[in-house]
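Text of the file input_1.tsv, holding TSV, N, CA and C atoms:
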```tsv
chain	number	residue	atom	x	y	z
A	1135	MET	N	52.89	128.99	66.14
A	1135	MET	CA	52.38	129.39	67.45
A	1135	MET	C	52.33	128.15	68.34
A	1136	ALA	N	52.81	128.26	69.54
A	1136	ALA	CA	52.81	127.14	70.48
A	1136	ALA	C	51.93	127.48	71.67
A	1137	LEU	N	51.30	126.47	72.20
A	1137	LEU	CA	50.50	126.64	73.41
A	1137	LEU	C	51.28	126.08	74.58
A	1138	VAL	N	51.23	126.79	75.70
A	1138	VAL	CA	51.97	126.39	76.88
A	1138	VAL	C	51.05	126.49	78.09
A	1139	ASN	N	51.05	125.45	78.93
A	1139	ASN	CA	50.33	125.51	80.20
A	1139	ASN	C	51.29	126.15	81.21
A	1140	VAL	N	51.12	127.43	81.47
A	1140	VAL	CA	52.05	128.14	82.35
A	1140	VAL	C	52.01	127.61	83.78
A	1141	MET	N	50.94	126.91	84.14
A	1141	MET	CA	50.84	126.37	85.49
A	1141	MET	C	51.94	125.34	85.76
A	1142	GLU	N	52.39	124.61	84.72
A	1142	GLU	CA	53.44	123.61	84.90
A	1142	GLU	C	54.73	124.26	85.39
A	1143	GLY	N	55.13	125.34	84.76
A	1143	GLY	CA	56.36	126.02	85.16
A	1143	GLY	C	56.24	126.61	86.55
A	1144	ILE	N	55.08	127.13	86.87
A	1144	ILE	CA	54.86	127.71	88.19
A	1144	ILE	C	54.96	126.63	89.26
A	1145	VAL	N	54.33	125.48	89.01
A	1145	VAL	CA	54.38	124.38	89.98
A	1145	VAL	C	55.81	123.86	90.12
A	1146	ASP	N	56.54	123.75	89.02
A	1146	ASP	CA	57.95	123.33	89.10
A	1146	ASP	C	58.75	124.25	90.01
A	1147	GLU	N	58.60	125.55	89.81
A	1147	GLU	CA	59.33	126.52	90.63
A	1147	GLU	C	58.92	126.44	92.10
A	1148	LYS	N	57.62	126.34	92.34
A	1148	LYS	CA	57.12	126.29	93.71
A	1148	LYS	C	57.60	125.02	94.41
A	1149	LEU	N	57.58	123.89	93.71
A	1149	LEU	CA	58.07	122.64	94.30
A	1149	LEU	C	59.54	122.77	94.68
A	1150	GLU	N	60.33	123.32	93.78
A	1150	GLU	CA	61.75	123.48	94.06
A	1150	GLU	C	61.98	124.33	95.32
A	1151	LEU	N	61.26	125.43	95.43
A	1151	LEU	CA	61.39	126.30	96.61
A	1151	LEU	C	60.93	125.61	97.89
A	1152	MET	N	59.77	124.97	97.84
A	1152	MET	CA	59.19	124.40	99.04
A	1152	MET	C	59.92	123.14	99.49
A	1153	LEU	N	60.54	122.42	98.57
A	1153	LEU	CA	61.24	121.18	98.93
A	1153	LEU	C	62.60	121.43	99.57
A	1154	LYS	N	63.11	122.65	99.47
A	1154	LYS	CA	64.40	122.95	100.10
A	1154	LYS	C	64.37	122.68	101.60
A	1155	ASP	N	63.23	122.94	102.23
A	1155	ASP	CA	63.11	122.79	103.68
A	1155	ASP	C	62.43	121.49	104.09
A	1156	GLU	N	62.14	120.60	103.15
A	1156	GLU	CA	61.43	119.36	103.44
A	1156	GLU	C	62.41	118.19	103.51
A	1157	ASP	N	62.20	117.33	104.49
A	1157	ASP	CA	62.99	116.12	104.62
A	1157	ASP	C	62.15	114.97	104.06
A	1158	CYS	N	62.18	114.83	102.74
A	1158	CYS	CA	61.41	113.78	102.08
A	1158	CYS	C	62.17	113.32	100.85
A	1159	CYS	N	61.69	112.25	100.25
A	1159	CYS	CA	62.32	111.75	99.03
A	1159	CYS	C	62.15	112.77	97.91
A	1160	LYS	N	63.23	113.02	97.20
A	1160	LYS	CA	63.20	113.98	96.09
A	1160	LYS	C	63.68	113.32	94.79
A	1161	CYS	N	63.46	112.01	94.70
A	1161	CYS	CA	63.84	111.31	93.48
A	1161	CYS	C	62.93	111.77	92.34
A	1162	ASP	N	63.31	111.48	91.11
A	1162	ASP	CA	62.53	111.91	89.95
A	1162	ASP	C	61.10	111.41	90.01
A	1163	ARG	N	60.92	110.18	90.44
A	1163	ARG	CA	59.58	109.60	90.50
A	1163	ARG	C	58.69	110.36	91.49
A	1164	CYS	N	59.22	110.64	92.67
A	1164	CYS	CA	58.45	111.38	93.68
A	1164	CYS	C	58.17	112.81	93.22
A	1165	LEU	N	59.16	113.45	92.59
A	1165	LEU	CA	58.95	114.81	92.09
A	1165	LEU	C	57.85	114.84	91.03
A	1166	GLU	N	57.85	113.87	90.13
A	1166	GLU	CA	56.81	113.82	89.10
A	1166	GLU	C	55.44	113.55	89.73
A	1167	ASP	N	55.40	112.68	90.75
A	1167	ASP	CA	54.14	112.42	91.44
A	1167	ASP	C	53.62	113.68	92.12
A	1168	MET	N	54.51	114.41	92.78
A	1168	MET	CA	54.12	115.67	93.43
A	1168	MET	C	53.58	116.66	92.42
A	1169	LYS	N	54.28	116.78	91.31
A	1169	LYS	CA	53.87	117.72	90.27
A	1169	LYS	C	52.50	117.33	89.71
A	1170	ALA	N	52.30	116.05	89.46
A	1170	ALA	CA	51.02	115.58	88.91
A	1170	ALA	C	49.87	115.85	89.88
A	1171	ILE	N	50.08	115.57	91.16
A	1171	ILE	CA	49.03	115.80	92.16
A	1171	ILE	C	48.68	117.27	92.23
A	1172	ALA	N	49.70	118.12	92.29
A	1172	ALA	CA	49.45	119.57	92.38
A	1172	ALA	C	48.73	120.07	91.13
A	1173	LEU	N	49.20	119.67	89.95
A	1173	LEU	CA	48.59	120.16	88.71
A	1173	LEU	C	47.15	119.68	88.55
A	1174	ASN	N	46.85	118.49	89.03
A	1174	ASN	CA	45.48	117.98	88.92
A	1174	ASN	C	44.51	118.75	89.81
A	1175	GLN	N	45.01	119.48	90.79
A	1175	GLN	CA	44.15	120.28	91.66
A	1175	GLN	C	43.99	121.71	91.17
A	1176	LEU	N	44.81	122.10	90.21
A	1176	LEU	CA	44.82	123.48	89.74
A	1176	LEU	C	44.25	123.58	88.33
A	1177	PRO	N	43.67	124.71	87.99
A	1177	PRO	CA	43.18	124.87	86.62
A	1177	PRO	C	44.35	125.03	85.65
A	1178	SER	N	44.21	124.45	84.48
A	1178	SER	CA	45.22	124.65	83.44
A	1178	SER	C	45.12	126.09	82.95
A	1179	LYS	N	46.25	126.67	82.65
A	1179	LYS	CA	46.29	128.05	82.14
A	1179	LYS	C	47.15	128.06	80.88
A	1180	TYR	N	46.50	127.84	79.76
A	1180	TYR	CA	47.20	127.82	78.48
A	1180	TYR	C	47.25	129.21	77.87
A	1181	VAL	N	48.42	129.54	77.34
A	1181	VAL	CA	48.61	130.80	76.62
A	1181	VAL	C	49.42	130.50	75.38
A	1182	SER	N	49.30	131.36	74.41
A	1182	SER	CA	50.18	131.25	73.24
A	1182	SER	C	51.41	132.08	73.52
A	1183	THR	N	52.50	131.69	72.93
A	1183	THR	CA	53.76	132.36	73.24
A	1183	THR	C	54.06	133.55	72.33
A	1184	HIS	N	53.18	133.86	71.38
A	1184	HIS	CA	53.48	134.97	70.47
A	1184	HIS	C	53.33	136.33	71.14
A	1185	ASN	N	54.11	137.27	70.65
A	1185	ASN	CA	54.07	138.68	71.09
A	1185	ASN	C	54.35	138.88	72.57
A	1186	GLY	N	55.10	137.99	73.19
A	1186	GLY	CA	55.48	138.17	74.59
A	1186	GLY	C	54.34	138.03	75.58
A	1187	GLU	N	53.20	137.49	75.15
A	1187	GLU	CA	52.05	137.35	76.05
A	1187	GLU	C	52.34	136.42	77.21
A	1188	LEU	N	53.17	135.43	76.96
A	1188	LEU	CA	53.43	134.42	77.98
A	1188	LEU	C	53.93	135.05	79.28
A	1189	PHE	N	54.88	135.94	79.19
A	1189	PHE	CA	55.47	136.49	80.40
A	1189	PHE	C	54.52	137.41	81.16
A	1190	SER	N	53.74	138.18	80.45
A	1190	SER	CA	52.81	139.06	81.14
A	1190	SER	C	51.69	138.26	81.79
A	1191	LYS	N	51.20	137.23	81.11
A	1191	LYS	CA	50.14	136.41	81.68
A	1191	LYS	C	50.68	135.58	82.85
A	1192	LEU	N	51.91	135.11	82.74
A	1192	LEU	CA	52.52	134.35	83.82
A	1192	LEU	C	52.63	135.20	85.07
A	1193	ASP	N	53.05	136.44	84.93
A	1193	ASP	CA	53.18	137.34	86.07
A	1193	ASP	C	51.82	137.58	86.74
A	1194	ALA	N	50.80	137.82	85.94
A	1194	ALA	CA	49.46	138.04	86.49
A	1194	ALA	C	48.94	136.78	87.18
A	1195	LEU	N	49.18	135.65	86.58
A	1195	LEU	CA	48.72	134.38	87.15
A	1195	LEU	C	49.39	134.10	88.49
A	1196	MET	N	50.68	134.40	88.58
A	1196	MET	CA	51.41	134.16	89.83
A	1196	MET	C	50.78	134.94	90.98
A	1197	ARG	N	50.42	136.17	90.75
A	1197	ARG	CA	49.83	136.98	91.81
A	1197	ARG	C	48.42	136.53	92.16
A	1198	GLN	N	47.62	136.19	91.17
A	1198	GLN	CA	46.23	135.81	91.38
A	1198	GLN	C	46.10	134.48	92.12
A	1199	SER	N	46.89	133.50	91.75
A	1199	SER	CA	46.69	132.14	92.20
A	1199	SER	C	47.71	131.68	93.23
A	1200	SER	N	48.46	132.57	93.78
A	1200	SER	CA	49.55	132.20	94.67
A	1200	SER	C	49.10	131.32	95.82
A	1201	ILE	N	48.02	131.65	96.46
A	1201	ILE	CA	47.55	130.86	97.61
A	1201	ILE	C	47.12	129.48	97.16
A	1202	ASP	N	46.35	129.40	96.08
A	1202	ASP	CA	45.90	128.11	95.57
A	1202	ASP	C	47.09	127.22	95.19
A	1203	ILE	N	48.09	127.81	94.59
A	1203	ILE	CA	49.28	127.05	94.19
A	1203	ILE	C	50.01	126.55	95.42
A	1204	ASN	N	50.20	127.41	96.41
A	1204	ASN	CA	50.87	126.99	97.65
A	1204	ASN	C	50.14	125.84	98.32
A	1205	VAL	N	48.82	125.93	98.40
A	1205	VAL	CA	48.03	124.88	99.03
A	1205	VAL	C	48.16	123.57	98.25
A	1206	SER	N	48.07	123.62	96.94
A	1206	SER	CA	48.15	122.42	96.12
A	1206	SER	C	49.52	121.76	96.20
A	1207	VAL	N	50.58	122.55	96.15
A	1207	VAL	CA	51.93	122.00	96.22
A	1207	VAL	C	52.20	121.43	97.62
A	1208	THR	N	51.75	122.11	98.65
A	1208	THR	CA	51.92	121.60	100.02
A	1208	THR	C	51.21	120.26	100.17
A	1209	TYR	N	49.99	120.17	99.66
A	1209	TYR	CA	49.23	118.93	99.72
A	1209	TYR	C	49.95	117.82	98.96
A	1210	ALA	N	50.47	118.13	97.79
A	1210	ALA	CA	51.17	117.14	96.98
A	1210	ALA	C	52.41	116.62	97.68
A	1211	ILE	N	53.18	117.50	98.29
A	1211	ILE	CA	54.38	117.09	99.03
A	1211	ILE	C	53.99	116.17	100.18
A	1212	LYS	N	52.96	116.53	100.90
A	1212	LYS	CA	52.50	115.73	102.05
A	1212	LYS	C	52.05	114.34	101.60
A	1213	MET	N	51.24	114.29	100.53
A	1213	MET	CA	50.72	113.01	100.05
A	1213	MET	C	51.84	112.08	99.59
A	1214	VAL	N	52.76	112.59	98.80
A	1214	VAL	CA	53.83	111.74	98.27
A	1214	VAL	C	54.81	111.37	99.38
A	1215	SER	N	55.05	112.27	100.32
A	1215	SER	CA	55.94	111.96	101.44
A	1215	SER	C	55.37	110.84	102.29
A	1216	GLU	N	54.07	110.88	102.50
A	1216	GLU	CA	53.41	109.86	103.34
A	1216	GLU	C	53.16	108.57	102.58
A	1217	HIS	N	53.00	108.65	101.26
A	1217	HIS	CA	52.66	107.48	100.45
A	1217	HIS	C	53.43	107.48	99.14
A	1218	PRO	N	54.77	107.31	99.20
A	1218	PRO	CA	55.52	107.29	97.93
A	1218	PRO	C	55.10	106.08	97.10
A	1219	SER	N	55.20	106.22	95.78
A	1219	SER	CA	54.78	105.13	94.91
A	1219	SER	C	55.90	104.12	94.69
A	1220	HIS	N	56.92	104.17	95.52
A	1220	HIS	CA	58.02	103.20	95.46
A	1220	HIS	C	58.41	102.82	96.88
A	1221	SER	N	59.13	101.72	96.99
A	1221	SER	CA	59.64	101.33	98.31
A	1221	SER	C	60.93	102.11	98.56
A	1222	LEU	N	61.38	102.14	99.79
A	1222	LEU	CA	62.60	102.88	100.12
A	1222	LEU	C	63.82	102.29	99.40
A	1223	ASP	N	63.78	100.99	99.10
A	1223	ASP	CA	64.89	100.35	98.40
A	1223	ASP	C	64.98	100.77	96.93
A	1224	GLU	N	63.86	101.19	96.35
A	1224	GLU	CA	63.82	101.55	94.93
A	1224	GLU	C	64.28	102.96	94.64
A	1225	LYS	N	64.20	103.85	95.61
A	1225	LYS	CA	64.49	105.26	95.32
A	1225	LYS	C	65.96	105.48	95.02
A	1226	LYS	N	66.21	106.40	94.12
A	1226	LYS	CA	67.59	106.73	93.74
A	1226	LYS	C	67.73	108.21	93.58
```
Starting from the file, give its structure as structure tokens.
Amino acid sequence: MALVNVMEGIVDEKLELMLKDEDCCKCDRCLEDMKAIALNQLPSKYVSTHNGELFSKLDALMRQSSIDINVSVTYAIKMVSEHPSHSLDEKK
């Protein structure tokens, strides 16, 4: 039996969608910083993967927490865009 924080996958998907329209650095370092900031603002949601529970819980979580996730990801994008943890010369 494995435990999975379903919030990580949700934040990954939300970042990918929201960054399509953003003019900011999207290097691996900035993406990880954005993900970390967003996840630190959201509650962890661990589920076990047995008996297909993961997908049903993920679906319910997406509907319940959609606004909170959007706010957290938007904040993370703004923070990292305004204060990247690297100089412009370092990004790749």
Open item on the list: With all atoms listed in the file as the counted atoms, please give the residues lying no more than 6.5 Å from Cys1164 of chain A, apart from itself and same-chain residues fewer than 5 positions off, as a PyMOL selection string.
Closed with: chain A and resi 1159+1169+1219
Task: Within 6 Å of Ala1172 of chain A using all atoms listed in the file, minus same-chain residues under 5 positions, as a PyMOL selection string - done: chain A and resi 1167+1206-1207+1210
May I have the residues from that selection written out with N, CA and C atoms, as a PDB file, keeping the file's coordinate frame?
```
ATOM      1  N   ASP A1167      55.400 112.680  90.750  1.00  0.00           N
ATOM      2  CA  ASP A1167      54.140 112.420  91.440  1.00  0.00           C
ATOM      3  C   ASP A1167      53.620 113.680  92.120  1.00  0.00           C
ATOM      4  N   SER A1206      48.070 123.620  96.940  1.00  0.00           N
ATOM      5  CA  SER A1206      48.150 122.420  96.120  1.00  0.00           C
ATOM      6  C   SER A1206      49.520 121.760  96.200  1.00  0.00           C
ATOM      7  N   VAL A1207      50.580 122.550  96.150  1.00  0.00           N
ATOM      8  CA  VAL A1207      51.930 122.000  96.220  1.00  0.00           C
ATOM      9  C   VAL A1207      52.200 121.430  97.620  1.00  0.00           C
ATOM     10  N   ALA A1210      50.470 118.130  97.790  1.00  0.00           N
ATOM     11  CA  ALA A1210      51.170 117.140  96.980  1.00  0.00           C
ATOM     12  C   ALA A1210      52.410 116.620  97.680  1.00  0.00           C
TER      13      ALA A1210
END
```
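What separates atom CA of Met1152 of chain A from atom C of Ser1199 of chain A is a distance of 14.8 Å.
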Neighbouring residues of Val1140 of chain A were defined as those with any atom within 5 Å, considering all atoms listed in the file; residues of the same chain fewer than 2 positions away were excluded. Please report them as a PDB file with N, CA and C atoms, in the frame of the given file.
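The resulting file, out-v5.pdb, is reproduced below:
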```
ATOM      1  N   VAL A1138      51.230 126.790  75.700  1.00  0.00           N
ATOM      2  CA  VAL A1138      51.970 126.390  76.880  1.00  0.00           C
ATOM      3  C   VAL A1138      51.050 126.490  78.090  1.00  0.00           C
ATOM      4  N   GLU A1142      52.390 124.610  84.720  1.00  0.00           N
ATOM      5  CA  GLU A1142      53.440 123.610  84.900  1.00  0.00           C
ATOM      6  C   GLU A1142      54.730 124.260  85.390  1.00  0.00           C
ATOM      7  N   GLY A1143      55.130 125.340  84.760  1.00  0.00           N
ATOM      8  CA  GLY A1143      56.360 126.020  85.160  1.00  0.00           C
ATOM      9  C   GLY A1143      56.240 126.610  86.550  1.00  0.00           C
ATOM     10  N   ILE A1144      55.080 127.130  86.870  1.00  0.00           N
ATOM     11  CA  ILE A1144      54.860 127.710  88.190  1.00  0.00           C
ATOM     12  C   ILE A1144      54.960 126.630  89.260  1.00  0.00           C
ATOM     13  N   LYS A1179      46.250 126.670  82.650  1.00  0.00           N
ATOM     14  CA  LYS A1179      46.290 128.050  82.140  1.00  0.00           C
ATOM     15  C   LYS A1179      47.150 128.060  80.880  1.00  0.00           C
ATOM     16  N   TYR A1180      46.500 127.840  79.760  1.00  0.00           N
ATOM     17  CA  TYR A1180      47.200 127.820  78.480  1.00  0.00           C
ATOM     18  C   TYR A1180      47.250 129.210  77.870  1.00  0.00           C
TER      19      TYR A1180
END
```
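Picture a line from atom CA of Ala1136 of chain A to atom C of Val1181 of chain A; it runs 6.8 Å.
Going from atom C of Glu1216 of chain A over to atom CA of Asp1146 of chain A, you cover 20.6 Å.
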- [ ] Between A:Ile1201, A:Leu1153, A:Leu1165, A:Met1141, single out the one closest to Val1214 of chain A, counting all atoms listed in the file.
- [x] A:Leu1165
